[in-house]
Each structure stands twice: as C-alpha cells, then as structure tokens.
file start_9.tsv (TSV, C-alpha atoms and all ligand atoms)
chain	number	residue	atom	x	y	z
R	35	MET	CA	17.61	43.45	10.33
R	36	GLY	CA	17.65	40.09	12.13
R	37	LEU	CA	16.08	36.87	10.98
R	38	PRO	CA	12.28	36.84	10.72
R	39	PHE	CA	9.89	35.11	13.08
R	40	ILE	CA	7.51	32.63	11.48
R	41	LEU	CA	4.39	31.58	13.35
R	42	LEU	CA	2.38	28.75	11.81
R	43	ASN	CA	-1.28	28.68	12.82
R	44	TYR	CA	-2.81	25.22	12.32
R	45	LYS	CA	-6.40	26.51	12.72
R	46	THR	CA	-8.63	23.40	12.63
R	47	TYR	CA	-7.15	22.01	9.46
R	48	LEU	CA	-7.35	18.21	9.40
R	49	GLN	CA	-3.73	17.96	8.35
R	50	GLY	CA	-2.67	19.71	11.56
R	51	THR	CA	-4.93	17.78	13.91
R	52	GLY	CA	-3.79	15.07	16.35
R	53	GLN	CA	-0.69	13.23	15.12
R	54	GLY	CA	-0.63	15.57	12.11
R	55	ALA	CA	0.06	18.42	14.52
R	56	VAL	CA	3.20	16.63	15.69
R	57	GLU	CA	4.38	15.77	12.18
R	58	ILE	CA	4.07	19.38	10.98
R	59	ALA	CA	5.88	20.59	14.10
R	60	LYS	CA	8.72	18.19	13.33
R	61	ALA	CA	8.99	19.61	9.82
R	62	CYS	CA	9.07	23.14	11.28
R	63	LYS	CA	11.78	22.17	13.74
R	64	GLU	CA	13.97	20.66	11.01
R	65	VAL	CA	13.66	23.73	8.80
R	66	SER	CA	14.24	26.02	11.76
R	67	GLU	CA	17.38	24.16	12.81
R	68	GLY	CA	18.71	24.08	9.28
R	69	SER	CA	18.21	27.80	8.72
R	70	GLY	CA	18.51	29.43	12.15
R	71	ILE	CA	15.09	31.04	11.59
R	72	GLU	CA	12.71	30.88	14.56
R	73	ILE	CA	9.59	28.95	13.60
R	74	ALA	CA	6.79	28.50	16.12
R	75	VAL	CA	3.53	26.57	15.82
R	76	ALA	CA	-0.01	27.19	17.05
R	77	PRO	CA	-1.84	23.86	17.07
R	78	GLN	CA	-5.37	23.38	18.36
R	79	LEU	CA	-5.65	23.59	22.13
R	80	PRO	CA	-6.04	19.85	22.78
R	81	ASP	CA	-2.86	19.23	20.75
R	82	ILE	CA	-0.64	21.71	22.62
R	83	TYR	CA	0.56	19.19	25.19
R	84	ARG	CA	1.18	16.50	22.60
R	85	VAL	CA	3.21	18.81	20.33
R	86	ALA	CA	5.15	20.45	23.16
R	87	SER	CA	5.97	17.05	24.67
R	88	GLU	CA	7.13	15.44	21.45
R	89	VAL	CA	8.84	18.27	19.58
R	90	GLU	CA	11.28	20.85	20.85
R	91	ILE	CA	9.71	23.88	19.24
R	92	PRO	CA	7.98	27.04	20.54
R	93	VAL	CA	4.26	26.32	20.84
R	94	PHE	CA	1.55	28.98	20.92
R	95	SER	CA	-2.12	28.66	21.85
R	96	GLN	CA	-4.64	29.84	19.24
R	97	HIS	CA	-6.63	31.61	21.95
R	98	LEU	CA	-6.65	32.50	25.63
R	99	ASP	CA	-9.48	33.84	27.76
R	100	GLY	CA	-9.04	36.71	30.17
R	101	ILE	CA	-10.10	34.67	33.16
R	102	GLY	CA	-8.42	33.23	36.22
R	103	ALA	CA	-8.83	30.06	38.22
R	104	GLY	CA	-12.40	29.38	39.28
R	105	SER	CA	-15.86	28.84	37.88
R	106	PHE	CA	-15.28	29.46	34.16
R	107	THR	CA	-16.59	26.41	32.33
R	108	GLY	CA	-15.41	26.07	28.74
R	109	HIS	CA	-12.80	28.80	28.99
R	110	VAL	CA	-9.10	28.70	28.17
R	111	PHE	CA	-7.05	29.38	31.28
R	112	GLY	CA	-3.53	30.83	30.98
R	113	LYS	CA	-2.03	28.52	33.56
R	114	ALA	CA	-3.38	25.44	31.78
R	115	ILE	CA	-1.91	26.60	28.49
R	116	LYS	CA	1.43	27.31	30.11
R	117	GLU	CA	1.51	23.95	31.90
R	118	ALA	CA	0.58	22.19	28.66
R	119	GLY	CA	3.84	23.55	27.25
R	120	ALA	CA	2.83	26.70	25.37
R	121	ILE	CA	5.14	29.68	25.50
R	122	GLY	CA	2.71	32.15	23.96
R	123	THR	CA	-0.74	32.76	22.56
R	124	LEU	CA	-2.62	34.38	19.73
R	125	ILE	CA	-5.27	36.86	20.85
R	126	ASN	CA	-8.16	38.17	18.76
R	127	HIS	CA	-7.70	36.27	15.53
R	128	SER	CA	-10.21	37.28	12.82
R	129	GLU	CA	-11.66	33.79	13.21
R	130	ARG	CA	-11.87	34.24	17.01
R	131	ARG	CA	-12.82	37.90	17.43
R	132	LEU	CA	-12.83	39.54	20.87
R	133	THR	CA	-14.04	42.87	22.18
R	134	LEU	CA	-11.45	45.47	23.17
R	135	ALA	CA	-12.10	44.73	26.84
R	136	GLU	CA	-11.65	41.00	26.21
R	137	ILE	CA	-8.40	41.60	24.33
R	138	GLU	CA	-7.06	43.59	27.25
R	139	ALA	CA	-8.15	40.89	29.71
R	140	SER	CA	-6.60	38.10	27.62
R	141	LEU	CA	-3.36	40.05	27.36
R	142	LYS	CA	-3.27	40.52	31.12
R	143	ALA	CA	-3.95	36.82	31.71
R	144	ALA	CA	-1.21	35.82	29.28
R	145	LYS	CA	1.31	38.14	30.88
R	146	GLU	CA	0.43	36.82	34.32
R	147	PHE	CA	1.74	33.43	33.24
R	148	GLY	CA	4.71	34.72	31.26
R	149	LEU	CA	3.19	33.84	27.88
R	150	LYS	CA	4.26	35.76	24.77
R	151	THR	CA	1.41	37.62	23.16
R	152	VAL	CA	0.44	38.10	19.53
R	153	ILE	CA	-2.62	40.31	19.05
R	154	CYS	CA	-4.10	39.85	15.60
R	155	THR	CA	-5.63	42.87	13.90
R	156	ASN	CA	-7.46	43.62	10.66
R	157	ASN	CA	-6.41	47.14	9.63
R	158	VAL	CA	-4.08	50.00	10.55
R	159	PRO	CA	-6.29	51.63	13.23
R	160	THR	CA	-6.85	48.33	15.08
R	161	THR	CA	-3.15	47.58	14.81
R	162	ALA	CA	-2.40	50.93	16.44
R	163	ALA	CA	-4.95	50.24	19.19
R	164	ALA	CA	-3.50	46.78	19.80
R	165	ALA	CA	0.05	48.15	19.98
R	166	ALA	CA	-1.06	50.61	22.64
R	167	LEU	CA	-1.90	47.64	24.88
R	168	GLY	CA	1.75	46.54	24.84
R	169	PRO	CA	1.79	42.97	23.45
R	170	ASP	CA	5.01	41.35	22.22
R	171	TYR	CA	3.65	41.27	18.67
R	172	VAL	CA	0.79	42.57	16.61
R	173	ALA	CA	-0.12	40.59	13.50
R	174	ILE	CA	-1.95	42.48	10.79
R	175	GLU	CA	-4.17	40.21	8.66
R	176	PRO	CA	-6.84	41.66	6.33
R	177	PRO	CA	-9.69	39.13	6.75
R	178	GLU	CA	-10.60	39.12	3.07
R	179	LEU	CA	-7.16	37.76	2.15
R	180	ILE	CA	-7.01	35.03	4.81
R	181	GLY	CA	-6.90	31.62	3.20
R	182	SER	CA	-7.12	33.22	-0.25
R	183	GLY	CA	-3.64	32.38	-1.48
R	184	ILE	CA	-3.31	36.10	-2.36
R	185	PRO	CA	-0.49	37.46	-0.21
R	186	VAL	CA	-1.16	40.55	1.88
R	187	SER	CA	2.38	41.71	1.23
R	188	LYS	CA	1.57	42.02	-2.47
R	189	ALA	CA	-2.19	42.67	-2.54
R	190	ASP	CA	-2.24	45.28	0.22
R	191	PRO	CA	1.32	46.45	0.94
R	192	GLU	CA	0.02	49.73	2.44
R	193	VAL	CA	-1.72	47.93	5.29
R	194	VAL	CA	1.59	46.33	6.24
R	195	SER	CA	3.78	49.43	5.91
R	196	GLY	CA	1.03	51.55	7.51
R	197	SER	CA	0.90	49.18	10.47
R	198	VAL	CA	4.68	49.21	10.82
R	199	GLU	CA	4.68	53.05	10.85
R	200	ALA	CA	1.77	53.29	13.30
R	201	VAL	CA	3.30	50.82	15.74
R	202	ALA	CA	6.70	52.52	15.62
R	203	LYS	CA	5.04	55.75	16.76
R	204	ILE	CA	3.07	54.10	19.56
R	205	ASP	CA	5.51	51.57	20.99
R	206	PRO	CA	8.68	50.64	19.11
R	207	ALA	CA	9.14	47.63	21.39
R	208	VAL	CA	6.09	45.96	19.81
R	209	LYS	CA	7.07	43.82	16.84
R	210	VAL	CA	4.91	43.65	13.72
R	211	LEU	CA	3.99	40.46	11.88
R	212	CYS	CA	1.73	40.26	8.87
R	213	GLY	CA	-0.34	37.44	7.49
R	214	ALA	CA	-3.02	36.29	5.03
R	215	GLY	CA	-2.24	34.49	1.83
R	216	ILE	CA	1.48	34.18	2.58
R	217	SER	CA	2.96	30.95	1.23
R	218	LYS	CA	5.88	31.64	-1.07
R	219	GLY	CA	9.41	32.89	-0.58
R	220	GLU	CA	8.60	36.07	-2.49
R	221	ASP	CA	5.61	36.75	-0.20
R	222	LEU	CA	7.79	36.54	2.90
R	223	ARG	CA	10.51	38.62	1.25
R	224	ALA	CA	7.97	41.33	0.37
R	225	ALA	CA	6.58	41.26	3.93
R	226	LEU	CA	10.04	41.85	5.36
R	227	ASP	CA	10.84	44.55	2.82
R	228	LEU	CA	7.71	46.39	4.00
R	229	GLY	CA	9.16	46.48	7.50
R	230	SER	CA	7.44	43.56	9.21
R	231	GLN	CA	9.50	41.29	11.40
R	232	GLY	CA	7.91	38.07	10.35
R	233	VAL	CA	4.72	36.36	9.30
R	234	LEU	CA	1.72	34.56	10.72
R	235	LEU	CA	0.54	32.01	8.20
R	236	ALA	CA	-1.53	28.86	7.90
R	237	SER	CA	-2.99	27.20	4.81
R	238	GLY	CA	0.03	27.55	2.51
R	239	ILE	CA	2.05	25.29	4.81
R	240	VAL	CA	-0.46	23.25	6.84
R	241	LYS	CA	-2.40	22.17	3.74
R	242	ALA	CA	0.67	21.65	1.55
R	243	ALA	CA	1.32	18.11	0.28
R	244	ASP	CA	4.83	18.43	1.74
R	245	PRO	CA	4.90	21.02	4.56
R	246	LYS	CA	8.67	20.77	4.96
R	247	ALA	CA	9.28	21.52	1.28
R	248	ALA	CA	6.75	24.38	1.48
R	249	LEU	CA	8.60	25.86	4.46
R	250	GLU	CA	11.92	25.54	2.70
R	251	GLU	CA	10.51	27.42	-0.26
R	252	LEU	CA	9.02	30.04	2.09
R	253	ILE	CA	12.42	30.91	3.53
R	254	SER	CA	14.35	30.57	0.27
R	255	LEU	CA	14.75	34.33	-0.24
R	256	ILE	CA	15.89	35.21	3.29
R	301	LIG	O1	-3.39	33.13	11.33
R	301	LIG	C1	-2.95	32.97	10.03
R	301	LIG	C2	-3.92	33.36	9.04
R	301	LIG	O2	-5.16	33.77	9.38
R	301	LIG	C3	-3.55	33.42	7.63
R	301	LIG	O3	-4.09	32.30	7.04
R	301	LIG	O4	-4.22	30.56	5.37
R	301	LIG	O5	-4.03	32.94	4.67
R	301	LIG	O6	-2.07	31.80	5.67
R	301	LIG	P1	-3.58	31.89	5.59
call {"tool": "encode", "arguments": {"input": "start_9.tsv", "output": "structure tokens"}}
result
Amino acid sequence: MGLPFILLNYKTYLQGTGQGAVEIAKACKEVSEGSGIEIAVAPQLPDIYRVASEVEIPVFSQHLDGIGAGSFTGHVFGKAIKEAGAIGTLINHSERRLTLAEIEASLKAAKEFGLKTVICTNNVPTTAAAAALGPDYVAIEPPELIGSGIPVSKADPEVVSGSVEAVAKIDPAVKVLCGAGISKGEDLRAALDLGSQGVLLASGIVKAADPKAALEELISLI
C-alpha cells in the first residue's frame, strides 16, 4: 500500500481563519515535505486564494454548488474555486448536507473544471451510493463522532471496513478516506489497517496548540 492521503478540513475554526489558514497550511507543507505524505488543506472559501497564493500545497474547497455561470447569487461556482487556486472540493459534508440530486450536480460541476472530488458520507449505504457516482474519493464520517475526539477507526471500525468493501464492489477506482475524531498516530494507523487510503480530519490538528507537532504525531506510525 502507498502512502496515505491526509485532508485537513479547517471548517470555521478561528485558528484556521484568515492568516491562521496560511500558517496551518505552512505547517502541513513542512510535514508533507519531510515525510513524503500528501497533505492537503480545505480552508474556508474566502481563504482559498490567500492559502493557494502563499503556500505550495493542494487546496480544496469545503463546498461547491452544482451551478454554472449566471444568475446564482450566493452560490459557489466551480470556475471561481479553480481560479482561486483550489485543486479539489469536498461535497456533502455532514455539516453541509446536500440532496442526492445536488451531490450529483456538484460532482458534475467539479469535474467540468477538473477539480478532484471528495464526497463525504455518513454510513455504509450512503458511501456505496456516493461511490456509484464516480468521485475521486468518498470520505466516511459518522456524524456522532465528528469533533468528539473519539476516533472512527477505533469506535466504529465496521463502518470503515464496510465502506471499503462496498466501494471495492461498486468502483475500485474510487478511493476511501475516513474521518471523525482522528487525531493521533494510532488513529491513522488503525484507519489504514481497516483498508482506507487516508483520512479527512479537522479539530485534532486545526485546534491543536502546535498544529505542526500534532501532524508529526499523526503520521508517526506510518
Ligand atoms: O471533515 C472532517 C471532519 O468532519 C472530522 O472532524 O474534528 O472529528 O476531525 P474532526
């Protein structure tokens, strides 16, 4: 198995807002360069340009709407995200739920602009449904464990291994990430041992007193 993919979602945490978004991205870049592990960041939308301009690191949007150019006030347009410097986007996070039709439209919009896609899901059946749409990644995150500090890879290993099995049957080209409560090296190790190809995480790193040290600990068992 290759090295894992780590995607750090800043959500709207204060520590990852504005200049903080840049500082955390710099920490991610240093740890990524020192380890060879791909680490990407998903700052808030207004911070995408700032992070992508100041730090050489893959940047994802936290959301994208399934719309095109035109009269769509307040929407997130794929071309704008791409031109801001993002290379990919989250779709359907538990904190930004979409309908199935909206997920499909967002995916289509992202693909139109060559953006990588990570569809977030909450259980095995939704993971299977998401995989059938053909994103680059699905990210299984049981909502009740998000932000809890209780790692999904230990509290609910079946949802991770079940997602890995379901996706392999539907489309083996789709990669599986898992998330919720992941913060320690042993959590990431367990996630990989369950067959996932990386993690989507947030609070354990973004809210850490020293995000760089927290990232170094996270990858210590790889
Ligand atoms: O998108 C990442 C996520 O929802 C997990 O959050 O704080 O449990 O790592 P957290």
call {"tool": "closest_atom_pairs", "arguments": {"input": "start_9.tsv", "of": "region 185-239 of chain R", "to": "region 152-166 of chain R", "cutoff": "12 Å", "atoms": "all atoms listed in the file", "output": "tab-separated table"}}
result
residue	atom	partner	partner_atom	distance
R:Val186	CA	R:Asn156	CA	11.2
R:Asp190	CA	R:Asn157	CA	10.5
R:Pro191	CA	R:Val158	CA	11.6
R:Glu192	CA	R:Val158	CA	9.1
R:Val193	CA	R:Val158	CA	6.1
R:Val194	CA	R:Val158	CA	8.0
R:Ser195	CA	R:Val158	CA	9.1
R:Gly196	CA	R:Val158	CA	6.1
R:Ser197	CA	R:Val158	CA	5.0
R:Val198	CA	R:Val158	CA	8.8
R:Glu199	CA	R:Ala162	CA	9.3
R:Ala200	CA	R:Ala162	CA	5.7
R:Val201	CA	R:Ala162	CA	5.7
R:Ala202	CA	R:Ala165	CA	9.1
R:Lys203	CA	R:Ala162	CA	8.9
R:Ile204	CA	R:Ala166	CA	6.2
R:Asp205	CA	R:Ala165	CA	6.5
R:Pro206	CA	R:Ala165	CA	9.0
R:Ala207	CA	R:Ala165	CA	9.2
R:Val208	CA	R:Ala165	CA	6.4
R:Lys209	CA	R:Ala165	CA	8.8
R:Val210	CA	R:Thr161	CA	9.0
R:Leu211	CA	R:Val152	CA	8.8
R:Cys212	CA	R:Cys154	CA	8.9
R:Gly213	CA	R:Cys154	CA	9.3
R:Ala214	CA	R:Asn156	CA	10.3
R:Gly232	CA	R:Val152	CA	11.8
R:Val233	CA	R:Val152	CA	11.2
R:Leu234	CA	R:Cys154	CA	9.3
R:Leu235	CA	R:Cys154	CA	11.7
call {"tool": "atom_distance", "arguments": {"input": "start_9.tsv", "atom1": "CA of Tyr171 (chain R)", "atom2": "CA of Leu141 (chain R)"}}
result
11.2 Å
call {"tool": "residues_near_ligand", "arguments": {"input": "start_9.tsv", "ligand": "ligand LIG 301 (chain R)", "cutoff": "10 Å", "atoms": "all atoms listed in the file", "output": "number ranges by chain"}}
result
R: 41-45, 47, 76, 96, 124, 127-129, 154, 173-186, 212-217, 233-241
call {"tool": "residues_near_point", "arguments": {"input": "start_9.tsv", "point": "(1.8, 19.2, 4.7)", "cutoff": "9 Å", "atoms": "all atoms listed in the file", "output": "list in words"}}
result
Gln49, Gly50, Gly54, Glu57, Ile58, Ala61, Gly238, Ile239, Val240, Lys241, Ala242, Ala243, Asp244, Pro245, Lys246, Ala247 and Ala248 of chain R
call {"tool": "residues_around", "arguments": {"input": "start_9.tsv", "residues": "Thr151 (chain R)", "least_positions_apart": "2", "cutoff": "10 Å", "atoms": "only C-alpha atoms", "output": "list in words"}}
result
Phe94, Ser95, Leu98, Ile121, Gly122, Thr123, Leu124, Ile125, Ser140, Leu141, Lys142, Ala144, Lys145, Gly148, Leu149, Ile153, Cys154, Gly168, Pro169, Asp170, Tyr171 and Val172 of chain R
call {"tool": "atom_distance", "arguments": {"input": "start_9.tsv", "atom1": "CA of Ala55 (chain R)", "atom2": "CA of Pro77 (chain R)"}}
result
6.3 Å
call {"tool": "atom_distance", "arguments": {"input": "start_9.tsv", "atom1": "CA of Arg84 (chain R)", "atom2": "CA of Gln53 (chain R)"}}
result
8.4 Å
call {"tool": "residues_around", "arguments": {"input": "start_9.tsv", "residues": "Val89 (chain R)", "least_positions_apart": "6", "cutoff": "8 Å", "atoms": "only C-alpha atoms", "output": "mmCIF file with C-alpha atoms, in the frame of the given file"}}
result
data_model
loop_
_atom_site.group_PDB
_atom_site.id
_atom_site.type_symbol
_atom_site.label_atom_id
_atom_site.label_comp_id
_atom_site.auth_asym_id
_atom_site.auth_seq_id
_atom_site.Cartn_x
_atom_site.Cartn_y
_atom_site.Cartn_z
ATOM 1 C CA VAL R 56 3.200 16.630 15.690
ATOM 2 C CA ALA R 59 5.880 20.590 14.100
ATOM 3 C CA LYS R 60 8.720 18.190 13.330
ATOM 4 C CA LYS R 63 11.780 22.170 13.740
#
call {"tool": "closest_residue", "arguments": {"input": "start_9.tsv", "among": "R:Gly229, R:Ala118, R:Gly100, R:Gly52", "to": "Ala139 (chain R)", "atoms": "all atoms listed in the file"}}
result
R:Gly100
call {"tool": "closest_residue", "arguments": {"input": "start_9.tsv", "among": "R:His97, R:Ser254, R:Lys150, R:Ser69", "to": "Asn126 (chain R)", "atoms": "all atoms listed in the file"}}
result
R:His97
call {"tool": "closest_residue", "arguments": {"input": "start_9.tsv", "among": "R:Val93, R:Val65, R:Leu134, R:Leu48", "to": "Ile253 (chain R)", "atoms": "all atoms listed in the file"}}
result
R:Val65
call {"tool": "closest_residue", "arguments": {"input": "start_9.tsv", "among": "R:Ile73, R:Leu255, R:Leu37, R:Ile115", "to": "Gln231 (chain R)", "atoms": "all atoms listed in the file"}}
result
R:Leu37
call {"tool": "closest_residue", "arguments": {"input": "start_9.tsv", "among": "R:Leu167, R:Ile101, R:Thr51, R:Gly108", "to": "Pro80 (chain R)", "atoms": "only C-alpha atoms"}}
result
R:Thr51
call {"tool": "build_atoms", "arguments": {"input": "start_9.tsv", "residues": "region 171-191 of chain R", "atoms": "N, CA and C atoms", "output": "PDB file, in the coordinates of the input"}}
result
ATOM      1  N   TYR R 171       3.835  41.122  20.124  1.00  0.00           N
ATOM      2  CA  TYR R 171       3.650  41.270  18.670  1.00  0.00           C
ATOM      3  C   TYR R 171       2.229  41.721  18.350  1.00  0.00           C
ATOM      4  N   VAL R 172       2.086  42.437  17.260  1.00  0.00           N
ATOM      5  CA  VAL R 172       0.790  42.570  16.610  1.00  0.00           C
ATOM      6  C   VAL R 172       0.928  41.863  15.262  1.00  0.00           C
ATOM      7  N   ALA R 173      -0.159  41.274  14.797  1.00  0.00           N
ATOM      8  CA  ALA R 173      -0.120  40.590  13.500  1.00  0.00           C
ATOM      9  C   ALA R 173      -1.274  41.114  12.658  1.00  0.00           C
ATOM     10  N   ILE R 174      -0.924  41.891  11.639  1.00  0.00           N
ATOM     11  CA  ILE R 174      -1.950  42.480  10.790  1.00  0.00           C
ATOM     12  C   ILE R 174      -2.347  41.483   9.691  1.00  0.00           C
ATOM     13  N   GLU R 175      -3.661  41.183   9.628  1.00  0.00           N
ATOM     14  CA  GLU R 175      -4.170  40.210   8.660  1.00  0.00           C
ATOM     15  C   GLU R 175      -5.517  40.699   8.100  1.00  0.00           C
ATOM     16  N   PRO R 176      -5.541  41.277   6.913  1.00  0.00           N
ATOM     17  CA  PRO R 176      -6.840  41.660   6.330  1.00  0.00           C
ATOM     18  C   PRO R 176      -7.702  40.403   6.141  1.00  0.00           C
ATOM     19  N   PRO R 177      -8.881  40.356   6.771  1.00  0.00           N
ATOM     20  CA  PRO R 177      -9.690  39.130   6.750  1.00  0.00           C
ATOM     21  C   PRO R 177     -10.000  38.622   5.348  1.00  0.00           C
ATOM     22  N   GLU R 178     -10.197  39.561   4.409  1.00  0.00           N
ATOM     23  CA  GLU R 178     -10.600  39.120   3.070  1.00  0.00           C
ATOM     24  C   GLU R 178      -9.489  38.352   2.331  1.00  0.00           C
ATOM     25  N   LEU R 179      -8.260  38.470   2.820  1.00  0.00           N
ATOM     26  CA  LEU R 179      -7.160  37.760   2.150  1.00  0.00           C
ATOM     27  C   LEU R 179      -6.784  36.454   2.863  1.00  0.00           C
ATOM     28  N   ILE R 180      -7.340  36.251   4.061  1.00  0.00           N
ATOM     29  CA  ILE R 180      -7.010  35.030   4.810  1.00  0.00           C
ATOM     30  C   ILE R 180      -7.478  33.796   4.043  1.00  0.00           C
ATOM     31  N   GLY R 181      -6.564  32.871   3.866  1.00  0.00           N
ATOM     32  CA  GLY R 181      -6.900  31.620   3.200  1.00  0.00           C
ATOM     33  C   GLY R 181      -7.119  31.756   1.699  1.00  0.00           C
ATOM     34  N   SER R 182      -6.825  32.942   1.158  1.00  0.00           N
ATOM     35  CA  SER R 182      -7.120  33.220  -0.250  1.00  0.00           C
ATOM     36  C   SER R 182      -5.984  32.800  -1.185  1.00  0.00           C
ATOM     37  N   GLY R 183      -4.785  32.654  -0.615  1.00  0.00           N
ATOM     38  CA  GLY R 183      -3.640  32.380  -1.480  1.00  0.00           C
ATOM     39  C   GLY R 183      -3.110  33.670  -2.116  1.00  0.00           C
ATOM     40  N   ILE R 184      -3.782  34.795  -1.853  1.00  0.00           N
ATOM     41  CA  ILE R 184      -3.310  36.100  -2.360  1.00  0.00           C
ATOM     42  C   ILE R 184      -2.578  36.782  -1.212  1.00  0.00           C
ATOM     43  N   PRO R 185      -1.266  36.961  -1.350  1.00  0.00           N
ATOM     44  CA  PRO R 185      -0.490  37.460  -0.210  1.00  0.00           C
ATOM     45  C   PRO R 185      -0.743  38.925   0.130  1.00  0.00           C
ATOM     46  N   VAL R 186      -0.948  39.179   1.425  1.00  0.00           N
ATOM     47  CA  VAL R 186      -1.160  40.550   1.880  1.00  0.00           C
ATOM     48  C   VAL R 186       0.004  41.445   1.495  1.00  0.00           C
ATOM     49  N   SER R 187       1.194  40.889   1.507  1.00  0.00           N
ATOM     50  CA  SER R 187       2.380  41.710   1.230  1.00  0.00           C
ATOM     51  C   SER R 187       2.417  42.191  -0.210  1.00  0.00           C
ATOM     52  N   LYS R 188       1.628  41.561  -1.078  1.00  0.00           N
ATOM     53  CA  LYS R 188       1.570  42.020  -2.470  1.00  0.00           C
ATOM     54  C   LYS R 188       0.230  42.689  -2.767  1.00  0.00           C
ATOM     55  N   ALA R 189      -0.865  42.137  -2.231  1.00  0.00           N
ATOM     56  CA  ALA R 189      -2.190  42.670  -2.540  1.00  0.00           C
ATOM     57  C   ALA R 189      -2.486  43.965  -1.792  1.00  0.00           C
ATOM     58  N   ASP R 190      -1.922  44.099  -0.588  1.00  0.00           N
ATOM     59  CA  ASP R 190      -2.240  45.280   0.220  1.00  0.00           C
ATOM     60  C   ASP R 190      -0.990  45.732   1.002  1.00  0.00           C
ATOM     61  N   PRO R 191       0.060  46.097   0.253  1.00  0.00           N
ATOM     62  CA  PRO R 191       1.320  46.450   0.940  1.00  0.00           C
ATOM     63  C   PRO R 191       1.152  47.621   1.898  1.00  0.00           C
TER      64      PRO R 191
END
